[in-house]
>>> print(open('start11.cif').read())   # mmCIF, C-alpha atoms and all ligand atoms
data_data
#
loop_
_atom_site.label_atom_id
_atom_site.label_comp_id
_atom_site.auth_asym_id
_atom_site.auth_seq_id
_atom_site.Cartn_x
_atom_site.Cartn_y
_atom_site.Cartn_z
CA MET A 27 0.00 0.00 0.00
CA SER A 28 1.44 3.36 -0.99
CA ILE A 29 0.93 6.40 1.24
CA PRO A 30 -2.15 8.44 0.43
CA TYR A 31 -1.39 11.52 -1.65
CA ASN A 32 -4.72 12.59 -3.13
CA LEU A 33 -6.76 15.58 -2.06
CA ILE A 34 -9.53 14.61 -4.46
CA ARG A 35 -12.62 12.99 -2.85
CA VAL A 36 -15.35 10.79 -4.28
CA SER A 37 -18.83 10.68 -2.79
CA ILE A 38 -21.73 8.41 -3.64
CA ASP A 39 -25.39 9.44 -3.69
CA SER A 40 -27.17 6.37 -2.31
CA ASP A 41 -30.65 7.74 -3.03
CA ALA A 42 -29.75 8.28 -6.67
CA LEU A 43 -28.44 4.71 -6.85
CA LYS A 44 -31.72 3.39 -5.41
CA HIS A 45 -33.70 5.51 -7.82
CA ASN A 46 -31.77 4.14 -10.82
CA TRP A 47 -32.10 0.58 -9.54
CA GLN A 48 -35.87 0.96 -9.21
CA MET A 49 -36.03 2.44 -12.69
CA MET A 50 -34.06 -0.44 -14.27
CA HIS A 51 -35.76 -3.17 -12.23
CA GLY A 52 -39.12 -1.60 -13.01
CA LYS A 53 -38.49 -1.37 -16.74
CA GLY A 54 -36.93 -4.81 -17.13
CA GLY A 55 -39.10 -6.62 -14.62
CA ASN A 56 -36.35 -8.72 -13.04
CA ALA A 57 -32.91 -7.16 -12.86
CA MET A 58 -29.58 -8.46 -11.61
CA ALA A 59 -27.37 -5.53 -10.60
CA VAL A 60 -23.94 -5.57 -12.26
CA VAL A 61 -21.45 -4.52 -9.56
CA LYS A 62 -18.19 -5.71 -11.15
CA ALA A 63 -14.97 -3.68 -10.90
CA ASP A 64 -15.79 -2.25 -7.47
CA ALA A 65 -19.29 -1.41 -8.69
CA TYR A 66 -17.92 0.63 -11.61
CA GLY A 67 -15.72 2.49 -9.13
CA HIS A 68 -18.55 3.27 -6.69
CA GLY A 69 -17.44 0.86 -3.95
CA LEU A 70 -18.66 -2.76 -4.05
CA LEU A 71 -19.73 -3.16 -0.46
CA HIS A 72 -21.49 0.18 -0.11
CA VAL A 73 -23.32 -0.28 -3.41
CA ALA A 74 -24.30 -3.86 -2.54
CA ARG A 75 -25.72 -2.72 0.80
CA VAL A 76 -27.72 0.11 -0.73
CA LEU A 77 -29.08 -2.15 -3.47
CA ASP A 78 -29.87 -4.93 -1.00
CA ASP A 79 -31.76 -2.39 1.05
CA ALA A 80 -33.70 -1.41 -2.07
CA GLY A 81 -34.76 -5.02 -2.55
CA CYS A 82 -32.15 -6.19 -5.07
CA ARG A 83 -31.61 -9.94 -4.56
CA ARG A 84 -29.28 -10.70 -7.46
CA MET A 85 -25.87 -9.27 -8.23
CA ALA A 86 -23.21 -9.93 -10.85
CA VAL A 87 -19.53 -9.38 -10.14
CA GLY A 88 -16.50 -10.13 -12.35
CA THR A 89 -14.23 -12.46 -10.41
CA VAL A 90 -15.04 -15.26 -7.99
CA GLN A 91 -12.98 -13.36 -5.42
CA GLU A 92 -15.37 -10.40 -5.60
CA ALA A 93 -18.28 -12.81 -5.13
CA VAL A 94 -16.68 -14.37 -2.05
CA TYR A 95 -16.14 -10.88 -0.64
CA LEU A 96 -19.86 -10.13 -1.00
CA ARG A 97 -20.79 -13.41 0.70
CA GLU A 98 -18.36 -12.84 3.55
CA ASN A 99 -19.93 -9.45 4.10
CA GLY A 100 -23.36 -10.91 4.54
CA PHE A 101 -25.00 -10.65 1.13
CA THR A 102 -27.36 -13.63 1.00
CA GLY A 103 -28.92 -13.18 -2.45
CA GLN A 104 -27.84 -14.75 -5.72
CA ILE A 105 -24.29 -13.87 -6.80
CA VAL A 106 -23.02 -14.48 -10.31
CA ALA A 107 -19.32 -14.29 -11.32
CA LEU A 108 -19.21 -13.09 -14.92
CA LEU A 109 -15.59 -14.07 -15.55
CA GLY A 110 -16.18 -17.62 -14.35
CA ALA A 111 -14.13 -19.94 -12.14
CA LEU A 112 -10.55 -19.91 -13.40
CA ASP A 113 -8.66 -22.42 -11.24
CA ASP A 114 -9.02 -24.94 -8.39
CA THR A 115 -9.28 -22.18 -5.80
CA ASP A 116 -12.13 -20.49 -7.69
CA CYS A 117 -13.97 -23.77 -8.29
CA GLU A 118 -13.72 -24.67 -4.62
CA ALA A 119 -14.90 -21.19 -3.61
CA VAL A 120 -18.03 -21.38 -5.76
CA THR A 121 -18.99 -24.71 -4.19
CA ARG A 122 -18.39 -23.44 -0.65
CA HIS A 123 -20.02 -20.03 -0.98
CA ASP A 124 -22.96 -20.80 -3.23
CA ILE A 125 -21.70 -18.61 -6.08
CA ILE A 126 -22.94 -19.03 -9.64
CA PRO A 127 -20.04 -18.98 -12.09
CA PHE A 128 -20.48 -18.11 -15.74
CA CYS A 129 -19.23 -21.10 -17.70
CA GLY A 130 -18.37 -20.81 -21.37
CA SER A 131 -16.16 -23.75 -22.33
CA GLU A 132 -16.06 -27.55 -21.98
CA ALA A 133 -12.81 -27.29 -20.05
CA GLN A 134 -14.47 -25.03 -17.49
CA LEU A 135 -17.44 -27.38 -17.14
CA GLU A 136 -15.15 -30.36 -16.58
CA HIS A 137 -13.10 -28.46 -14.05
CA LEU A 138 -16.20 -27.46 -12.07
CA GLU A 139 -17.50 -31.02 -12.12
CA LYS A 140 -14.16 -32.42 -10.92
CA VAL A 141 -14.00 -30.01 -7.98
CA ARG A 142 -17.68 -30.51 -7.14
CA ARG A 143 -17.16 -34.27 -6.91
CA THR A 144 -14.27 -33.71 -4.52
CA PHE A 145 -15.77 -31.11 -2.18
CA THR A 146 -19.55 -31.38 -2.37
CA PRO A 147 -20.26 -34.76 -4.03
CA ASP A 148 -23.81 -34.88 -2.66
CA GLU A 149 -24.79 -31.41 -3.80
CA ARG A 150 -25.61 -29.94 -7.15
CA LEU A 151 -23.53 -27.04 -8.37
CA PRO A 152 -25.56 -24.22 -9.93
CA LEU A 153 -23.98 -22.51 -12.93
CA ALA A 154 -24.78 -20.07 -15.72
CA LEU A 155 -24.03 -21.13 -19.29
CA LYS A 156 -22.45 -18.33 -21.29
CA PHE A 157 -23.06 -18.21 -25.03
CA ASP A 158 -21.33 -16.19 -27.68
CA THR A 159 -23.78 -14.59 -30.11
CA GLY A 160 -21.57 -11.82 -31.46
CA MET A 161 -19.09 -10.45 -28.92
CA ARG A 162 -16.56 -13.16 -29.77
CA ARG A 163 -15.00 -12.99 -26.34
CA LEU A 164 -16.21 -15.85 -24.16
CA GLY A 165 -18.83 -18.53 -24.40
CA PHE A 166 -20.13 -21.62 -26.14
CA ASN A 167 -21.50 -21.25 -29.65
CA LYS A 168 -24.58 -22.79 -31.22
CA GLY A 169 -22.61 -25.62 -32.74
CA GLN A 170 -21.55 -26.92 -29.33
CA ILE A 171 -25.02 -27.31 -27.86
CA HIS A 172 -25.56 -30.93 -28.80
CA LYS A 173 -22.36 -32.02 -27.07
CA LEU A 174 -23.05 -29.71 -24.15
CA LEU A 175 -26.46 -31.31 -23.52
CA GLN A 176 -24.91 -34.77 -23.67
CA TYR A 177 -22.31 -33.78 -21.10
CA LEU A 178 -24.88 -32.24 -18.76
CA GLU A 179 -27.08 -35.31 -18.99
CA LYS A 180 -24.16 -37.49 -17.91
CA HIS A 181 -23.25 -35.12 -15.08
CA PRO A 182 -26.44 -34.30 -13.20
CA GLY A 183 -24.41 -32.70 -10.40
CA LEU A 184 -24.10 -29.63 -12.61
CA GLN A 185 -27.30 -27.61 -12.54
CA VAL A 186 -27.88 -24.97 -15.19
CA VAL A 187 -29.82 -22.13 -13.56
CA MET A 188 -29.17 -19.48 -16.19
CA ALA A 189 -28.25 -19.07 -19.85
CA ALA A 190 -26.71 -15.76 -20.86
CA SER A 191 -25.21 -13.86 -23.76
CA HIS A 192 -23.97 -10.29 -24.16
CA LEU A 193 -24.92 -7.65 -26.74
CA ALA A 194 -22.22 -5.83 -28.69
CA THR A 195 -24.14 -2.82 -30.03
CA ALA A 196 -27.22 -2.23 -27.86
CA ASP A 197 -26.15 1.40 -27.28
CA MET A 198 -25.81 2.18 -31.01
CA PRO A 199 -29.11 3.00 -32.76
CA GLU A 200 -27.48 2.57 -36.16
CA GLN A 201 -26.55 -1.02 -35.29
CA GLU A 202 -30.03 -2.17 -34.34
CA ASP A 203 -29.89 -5.00 -36.88
CA PHE A 204 -26.96 -6.60 -35.11
CA VAL A 205 -28.79 -6.46 -31.77
CA LEU A 206 -31.86 -8.11 -33.26
CA GLN A 207 -29.70 -10.79 -34.88
CA GLN A 208 -28.06 -11.54 -31.53
CA GLY A 209 -31.53 -11.68 -29.99
CA ARG A 210 -32.70 -14.23 -32.57
CA ASP A 211 -29.56 -16.34 -32.15
CA PHE A 212 -29.94 -16.33 -28.39
CA ALA A 213 -33.63 -17.31 -28.62
CA GLU A 214 -32.62 -20.24 -30.84
CA ILE A 215 -30.00 -21.28 -28.29
CA CYS A 216 -32.50 -21.13 -25.42
CA ASN A 217 -34.94 -23.25 -27.42
CA ALA A 218 -32.24 -25.81 -28.08
CA LEU A 219 -31.62 -25.98 -24.32
CA ALA A 220 -35.25 -26.96 -23.69
CA PRO A 221 -34.29 -30.50 -22.56
CA LEU A 222 -32.73 -28.92 -19.44
CA ALA A 223 -34.79 -28.11 -16.36
CA PRO A 224 -36.19 -24.55 -16.45
CA PHE A 225 -33.51 -21.85 -16.30
CA ASP A 226 -33.44 -18.05 -16.53
CA SER A 227 -32.56 -16.56 -19.92
CA CYS A 228 -30.56 -13.35 -19.61
CA LEU A 229 -29.38 -11.05 -22.38
CA ALA A 230 -30.14 -7.35 -21.80
CA ASN A 231 -27.59 -4.81 -20.51
CA SER A 232 -28.61 -1.25 -19.56
CA ALA A 233 -29.08 -0.09 -23.14
CA ALA A 234 -31.22 -3.08 -24.08
CA ILE A 235 -33.39 -2.61 -20.98
CA MET A 236 -34.14 0.91 -22.19
CA ALA A 237 -34.47 0.24 -25.91
CA TYR A 238 -35.40 -3.40 -26.54
CA PRO A 239 -38.35 -4.62 -24.42
CA ALA A 240 -38.54 -7.79 -26.53
CA LEU A 241 -35.07 -8.73 -25.26
CA HIS A 242 -35.86 -8.39 -21.55
CA LEU A 243 -36.44 -12.18 -21.28
CA ASP A 244 -36.38 -13.66 -17.75
CA LEU A 245 -33.62 -11.58 -16.26
CA GLN A 246 -31.64 -8.42 -17.15
CA ARG A 247 -28.14 -7.23 -16.27
CA PRO A 248 -28.05 -3.43 -15.86
CA GLY A 249 -24.68 -1.90 -15.05
CA VAL A 250 -23.88 1.63 -16.15
CA ALA A 251 -27.47 2.90 -15.84
CA LEU A 252 -27.50 2.04 -12.12
CA TYR A 253 -24.72 4.59 -11.74
CA GLY A 254 -26.46 7.21 -13.85
CA GLY A 255 -24.54 6.71 -17.11
CA ASN A 256 -26.70 7.09 -20.22
CA PRO A 257 -25.48 4.55 -22.79
CA PHE A 258 -27.28 6.54 -25.51
CA TYR A 259 -25.55 9.85 -24.73
CA GLY A 260 -24.81 11.72 -27.94
CA THR A 261 -26.97 9.40 -30.09
CA ALA A 262 -30.41 9.74 -31.66
CA TRP A 263 -31.82 7.70 -28.75
CA GLU A 264 -30.40 9.89 -26.01
CA GLU A 265 -33.82 10.63 -24.47
CA LYS A 266 -34.30 6.91 -23.72
CA GLY A 267 -31.79 7.37 -20.91
CA HIS A 268 -33.49 10.38 -19.38
CA GLY A 269 -34.57 10.16 -15.75
CA LEU A 270 -31.42 8.47 -14.50
CA LYS A 271 -29.70 10.25 -11.63
CA GLN A 272 -26.02 10.81 -11.20
CA VAL A 273 -24.49 8.72 -8.41
CA MET A 274 -20.79 9.63 -8.31
CA HIS A 275 -19.64 13.11 -7.28
CA VAL A 276 -15.95 14.07 -7.26
CA GLU A 277 -14.46 17.14 -5.58
CA ALA A 278 -11.08 18.71 -4.83
CA PRO A 279 -9.96 21.90 -3.05
CA VAL A 280 -8.60 25.13 -4.54
CA LEU A 281 -4.94 25.58 -3.54
CA GLN A 282 -4.48 29.17 -4.63
CA VAL A 283 -6.09 31.95 -6.67
CA ARG A 284 -3.93 34.23 -8.81
CA GLU A 285 -4.11 36.75 -11.60
CA LEU A 286 -2.41 36.47 -14.96
CA ALA A 287 -1.46 39.62 -16.84
CA PRO A 288 -2.06 39.80 -20.59
CA GLY A 289 0.65 37.79 -22.37
CA GLU A 290 1.35 35.53 -19.37
CA SER A 291 1.00 31.79 -19.91
CA ILE A 292 0.07 29.07 -17.45
CA SER A 293 1.36 25.52 -16.84
CA TYR A 294 3.77 23.31 -18.81
CA GLY A 295 4.38 24.02 -22.45
CA ARG A 296 2.75 27.47 -22.23
CA THR A 297 -0.24 26.18 -24.20
CA TRP A 298 -2.62 28.81 -22.79
CA VAL A 299 -1.80 32.51 -22.79
CA ALA A 300 -3.98 35.22 -21.20
CA ASP A 301 -5.17 37.87 -23.67
CA LYS A 302 -6.52 40.09 -20.86
CA PRO A 303 -6.13 40.20 -17.06
CA THR A 304 -7.41 36.76 -16.00
CA ARG A 305 -7.99 35.23 -12.59
CA VAL A 306 -7.32 31.53 -12.29
CA ALA A 307 -7.73 28.98 -9.51
CA ILE A 308 -5.23 26.18 -9.03
CA VAL A 309 -7.15 22.99 -8.19
CA ALA A 310 -5.52 20.13 -6.28
CA THR A 311 -6.13 17.40 -8.80
CA GLY A 312 -4.36 16.00 -11.82
CA TYR A 313 -3.53 12.88 -13.75
CA ALA A 314 -2.12 11.17 -10.63
CA ASP A 315 -5.75 11.19 -9.45
CA ALA A 316 -6.82 9.67 -12.79
CA TYR A 317 -8.09 13.08 -13.93
CA SER A 318 -6.86 12.63 -17.48
CA ARG A 319 -4.16 14.84 -18.98
CA GLY A 320 -6.33 14.63 -22.09
CA LEU A 321 -8.58 17.21 -20.40
CA SER A 322 -5.86 19.87 -20.87
CA SER A 323 -7.02 22.95 -22.71
CA GLY A 324 -6.36 23.04 -26.42
CA LYS A 325 -8.12 24.00 -29.58
CA ASP A 326 -11.92 23.90 -29.03
CA THR A 327 -11.54 23.02 -25.35
CA GLN A 328 -14.78 22.27 -23.56
CA SER A 329 -13.42 20.63 -20.44
CA ALA A 330 -14.48 22.46 -17.32
CA MET A 331 -15.05 22.09 -13.60
CA LEU A 332 -17.77 23.49 -11.37
CA LEU A 333 -17.11 26.28 -8.85
CA HIS A 334 -19.91 27.84 -6.82
CA GLY A 335 -22.40 26.29 -9.24
CA LYS A 336 -20.75 27.76 -12.36
CA ARG A 337 -18.75 26.10 -15.13
CA VAL A 338 -15.11 27.17 -15.06
CA PRO A 339 -13.01 26.12 -18.07
CA ILE A 340 -9.66 24.37 -17.72
CA VAL A 341 -6.72 26.50 -18.88
CA GLY A 342 -3.33 25.06 -19.82
CA ARG A 343 -2.17 21.52 -19.29
CA VAL A 344 -3.46 19.20 -16.58
CA CYS A 345 -0.43 18.41 -14.38
CA MET A 346 0.24 15.47 -12.07
CA GLN A 347 -1.51 16.93 -9.02
CA MET A 348 -2.70 20.36 -10.17
CA THR A 349 -5.01 21.81 -12.79
CA ALA A 350 -5.81 25.49 -13.46
CA VAL A 351 -9.28 26.86 -14.23
CA ASN A 352 -10.33 30.29 -15.42
CA ILE A 353 -12.62 31.73 -12.70
CA GLU A 354 -14.14 34.58 -14.66
CA ASN A 355 -17.57 32.96 -13.95
CA ALA A 356 -16.84 32.47 -10.24
CA PRO A 357 -15.00 35.63 -9.22
CA HIS A 358 -15.35 35.18 -5.45
CA THR A 359 -13.38 31.95 -5.40
CA LYS A 360 -10.68 31.69 -2.74
CA ALA A 361 -8.13 29.12 -1.56
CA GLY A 362 -9.82 26.24 0.24
CA ASP A 363 -13.05 26.41 -1.77
CA THR A 364 -14.40 23.14 -3.11
CA VAL A 365 -14.33 22.45 -6.83
CA THR A 366 -16.55 19.79 -8.43
CA LEU A 367 -14.88 17.71 -11.14
CA LEU A 368 -17.81 15.35 -11.69
CA GLY A 369 -21.41 15.71 -10.61
CA GLY A 370 -22.60 18.58 -8.50
CA ARG A 371 -26.08 20.04 -8.21
CA GLY A 372 -28.21 22.09 -10.53
CA LYS A 373 -28.36 22.45 -14.26
CA GLU A 374 -24.62 23.03 -14.59
CA ALA A 375 -23.81 19.63 -13.00
CA ILE A 376 -21.18 17.66 -14.91
CA SER A 377 -22.51 14.26 -15.95
CA PRO A 378 -20.20 11.26 -16.38
CA ASP A 379 -21.17 11.20 -20.06
CA GLU A 380 -20.25 14.83 -20.61
CA LEU A 381 -16.93 14.48 -18.79
CA ALA A 382 -16.27 11.34 -20.83
CA SER A 383 -16.92 13.21 -24.08
CA TRP A 384 -14.29 15.86 -23.19
CA TRP A 385 -11.96 13.07 -22.11
CA GLY A 386 -12.43 11.10 -25.35
CA THR A 387 -13.89 8.03 -23.67
CA ILE A 388 -17.13 6.61 -22.23
CA SER A 389 -18.77 7.17 -18.84
CA TYR A 390 -17.80 3.63 -17.77
CA GLU A 391 -14.09 4.46 -17.90
CA VAL A 392 -14.53 7.83 -16.17
CA MET A 393 -16.35 6.15 -13.27
CA CYS A 394 -13.91 3.24 -12.97
CA LEU A 395 -10.88 5.55 -12.98
CA LEU A 396 -12.08 8.46 -10.83
CA GLY A 397 -13.68 5.90 -8.50
CA GLN A 398 -10.23 4.64 -7.52
CA ASN A 399 -9.71 7.79 -5.47
CA PRO A 400 -10.46 7.98 -1.73
CA ARG A 401 -14.16 8.07 -0.89
CA LYS A 402 -15.70 10.54 1.49
C1 LIG A 501 -20.60 -5.22 -17.66
C2 LIG A 501 -21.59 -6.18 -18.13
C3 LIG A 501 -22.96 -5.88 -18.17
C4 LIG A 501 -23.51 -4.50 -17.86
O1 LIG A 501 -23.46 -3.70 -19.01
P1 LIG A 501 -23.93 -2.15 -18.96
O2 LIG A 501 -23.73 -1.68 -20.35
O3 LIG A 501 -23.03 -1.47 -17.98
O4 LIG A 501 -25.35 -2.15 -18.53
C5 LIG A 501 -23.84 -6.87 -18.52
N1 LIG A 501 -23.40 -8.10 -18.84
C6 LIG A 501 -22.10 -8.43 -18.86
C7 LIG A 501 -21.68 -9.80 -19.25
C8 LIG A 501 -21.16 -7.48 -18.52
O5 LIG A 501 -19.85 -7.79 -18.53
#
>>> encode(input="start11.cif", output="structure tokens", more="lines below")
Ligand SMILES: *Cc1c(COP(=O)(O)O)cnc(C)c1O
Amino acid sequence: MSIPYNLIRVSIDSDALKHNWQMMHGKGGNAMAVVKADAYGHGLLHVARVLDDAGCRRMAVGTVQEAVYLRENGFTGQIVALLGALDDTDCEAVTRHDIIPFCGSEAQLEHLEKVRRTFTPDERLPLALKFDTGMRRLGFNKGQIHKLLQYLEKHPGLQVVMAASHLATADMPEQEDFVLQQGRDFAEICNALAPLAPFDSCLANSAAIMAYPALHLDLQRPGVALYGGNPFYGTAWEEKGHGLKQVMHVEAPVLQVRELAPGESISYGRTWVADKPTRVAIVATGYADAYSRGLSSGKDTQSAMLLHGKRVPIVGRVCMQMTAVNIENAPHTKAGDTVTLLGGRGKEAISPDELASWWGTISYEVMCLLGQNPRK
């Protein structure tokens, strides 16, 4: 563990999280909250507790380790590990802690069965079959189903409780055809699995919950929308994501306020030069806090922070632990004042999608990265 160096602070709006959960669960009908990667940077345990409190009984994490952590902290609902059980330790953990691993290859199935026979020979091991219908990352394909069914028939200790696949383009209106094709392929797969005992079919991510009711099936897997990210931001379907509330707020203090004379530049490389007397605030945050150097001012800069409820544009380059903003819009700013980098209240609030657009990425990455900072 390195010594703490950040002055930046992350806070989580639990009511907003609950609101988004209710919205997704309400729309889809039966949602499983995706809380992988430390709940998209929002803090796994805190998020799990808030969601549990809101009535969420199913959660999906990435690794088996994350799932064990949830169990050990008292979460009694269904827990799914999206990355599956990778080795003996993982396989043993899923049998001991009642965790449902995604399983997308014969080798993984055989491994689970071997460990089950050793540790819990008299119990059935629940698992989720993962199918590839277009992502081409993990999962069985249609052609393997016949063999898969034969294997499962011979090994009744393995109990399929879920069949899942993942959509590649649900957030892209112009790629609707691909979504519908994946939907048809997955329906065909689920039909072919009919010889199995009843299981939950699960395909929709946040975007599909909002845009494709026909793909809601038995169970949905919302992630980014729970945290207030709109997967349709900047597209023709943007309004489908309206009503979500922002969950993550990020702040840092002002270190100093100073005035630049005309012709004076600020920060490394002298990329920004004052053309008139300009007051700037030096904010205690930079790329060491995962506030991207790509947010530096340049041609057509839009990147800004929020000071006393007003947008204040970034001037010059983002440094390791400092960034300068032009405080023309917030003239009463002084050292020690709080600056909002993400979130905030009112109509000037900075959404994760907007920050992501300045940053050249998506809200998911903004949340995961800024979320690694200390939480308030
Ligand atoms: C991350 C993830 C999700 C959630 O996707 P969002 O776009 O954040 O809603 C759903 N399913 C799988 C398999 C995932 O990895």
>>> closest_residue(input="start11.cif", among="A:Lys62, A:Arg75, A:Lys325, A:His268", to="ligand LIG 501 (chain A)", atoms="all atoms listed in the file")
A:Lys62
>>> closest_residue(input="start11.cif", among="A:Ala196, A:Gly260, A:Glu285, A:Lys336", to="Ser383 in chain A", atoms="all atoms listed in the file")
A:Gly260
>>> residues_around(input="start11.cif", residues="Ala314 in chain A", least_positions_apart="6", cutoff="12 Å", atoms="only C-alpha atoms", output="PyMOL selection string")
chain A and resi 30-34+344-349+395-396+398-399
>>> residues_near_ligand(input="start11.cif", ligand="ligand LIG 501 (chain A)", cutoff="9 Å", atoms="only C-alpha atoms and all ligand atoms", output="MDAnalysis selection string")
chainID A and resid 59:63 66 86:88 108:109 156 190:193 196:197 228:235 246:253 255 257 390
>>> residues_around(input="start11.cif", residues="range 214-220 of chain A", least_positions_apart="6", cutoff="9 Å", atoms="only C-alpha atoms", output="PyMOL selection string")
chain A and resi 157+167-168+171-172+175+189+227
>>> residues_around(input="start11.cif", residues="Asn256 in chain A", least_positions_apart="2", cutoff="7 Å", atoms="all atoms listed in the file", output="list in words")
Ala251, Gly254, Phe258, Tyr259, Gly267 and Asp379 of chain A
>>> atom_distance(input="start11.cif", atom1="CA of Leu135 in chain A", atom2="CA of Leu245 in chain A")
22.6 Å
>>> residues_around(input="start11.cif", residues="Phe101 in chain A", least_positions_apart="2", cutoff="8 Å", atoms="all atoms listed in the file", output="tab-separated table (two decimals) with C-alpha atoms, keeping the file's coordinate frame")
chain	number	residue	atom	x	y	z
A	74	ALA	CA	-24.30	-3.86	-2.54
A	75	ARG	CA	-25.72	-2.72	0.80
A	78	ASP	CA	-29.87	-4.93	-1.00
A	96	LEU	CA	-19.86	-10.13	-1.00
A	97	ARG	CA	-20.79	-13.41	0.70
A	98	GLU	CA	-18.36	-12.84	3.55
A	99	ASN	CA	-19.93	-9.45	4.10
A	103	GLY	CA	-28.92	-13.18	-2.45
>>> closest_residue(input="start11.cif", among="A:Pro279, A:Gly55, A:Pro147, A:Gly67", to="Ser389 in chain A", atoms="all atoms listed in the file")
A:Gly67
>>> residues_near_point(input="start11.cif", point="(-21.4, 18.4, -7.9)", cutoff="9 Å", atoms="all atoms listed in the file", output="number ranges by chain")
A: 274-277, 332, 335, 365-372, 374-376
>>> decode(input="start11.cif", residues="range 199-233 of chain A", atoms="C-alpha atoms", output="JSON list (two decimals), in the first residue's frame")
[["chain", "number", "residue", "atom", "x", "y", "z"],
["A", 199, "PRO", "CA", -29.11, 3.00, -32.76],
["A", 200, "GLU", "CA", -27.48, 2.57, -36.16],
["A", 201, "GLN", "CA", -26.55, -1.02, -35.29],
["A", 202, "GLU", "CA", -30.03, -2.17, -34.34],
["A", 203, "ASP", "CA", -29.89, -5.00, -36.88],
["A", 204, "PHE", "CA", -26.96, -6.60, -35.11],
["A", 205, "VAL", "CA", -28.79, -6.46, -31.77],
["A", 206, "LEU", "CA", -31.86, -8.11, -33.26],
["A", 207, "GLN", "CA", -29.70, -10.79, -34.88],
["A", 208, "GLN", "CA", -28.06, -11.54, -31.53],
["A", 209, "GLY", "CA", -31.53, -11.68, -29.99],
["A", 210, "ARG", "CA", -32.70, -14.23, -32.57],
["A", 211, "ASP", "CA", -29.56, -16.34, -32.15],
["A", 212, "PHE", "CA", -29.94, -16.33, -28.39],
["A", 213, "ALA", "CA", -33.63, -17.31, -28.62],
["A", 214, "GLU", "CA", -32.62, -20.24, -30.84],
["A", 215, "ILE", "CA", -30.00, -21.28, -28.29],
["A", 216, "CYS", "CA", -32.50, -21.13, -25.42],
["A", 217, "ASN", "CA", -34.94, -23.25, -27.42],
["A", 218, "ALA", "CA", -32.24, -25.81, -28.08],
["A", 219, "LEU", "CA", -31.62, -25.98, -24.32],
["A", 220, "ALA", "CA", -35.25, -26.96, -23.69],
["A", 221, "PRO", "CA", -34.29, -30.50, -22.56],
["A", 222, "LEU", "CA", -32.73, -28.92, -19.44],
["A", 223, "ALA", "CA", -34.79, -28.11, -16.36],
["A", 224, "PRO", "CA", -36.19, -24.55, -16.45],
["A", 225, "PHE", "CA", -33.51, -21.85, -16.30],
["A", 226, "ASP", "CA", -33.44, -18.05, -16.53],
["A", 227, "SER", "CA", -32.56, -16.56, -19.92],
["A", 228, "CYS", "CA", -30.56, -13.35, -19.61],
["A", 229, "LEU", "CA", -29.38, -11.05, -22.38],
["A", 230, "ALA", "CA", -30.14, -7.35, -21.80],
["A", 231, "ASN", "CA", -27.59, -4.81, -20.51],
["A", 232, "SER", "CA", -28.61, -1.25, -19.56],
["A", 233, "ALA", "CA", -29.08, -0.09, -23.14]]
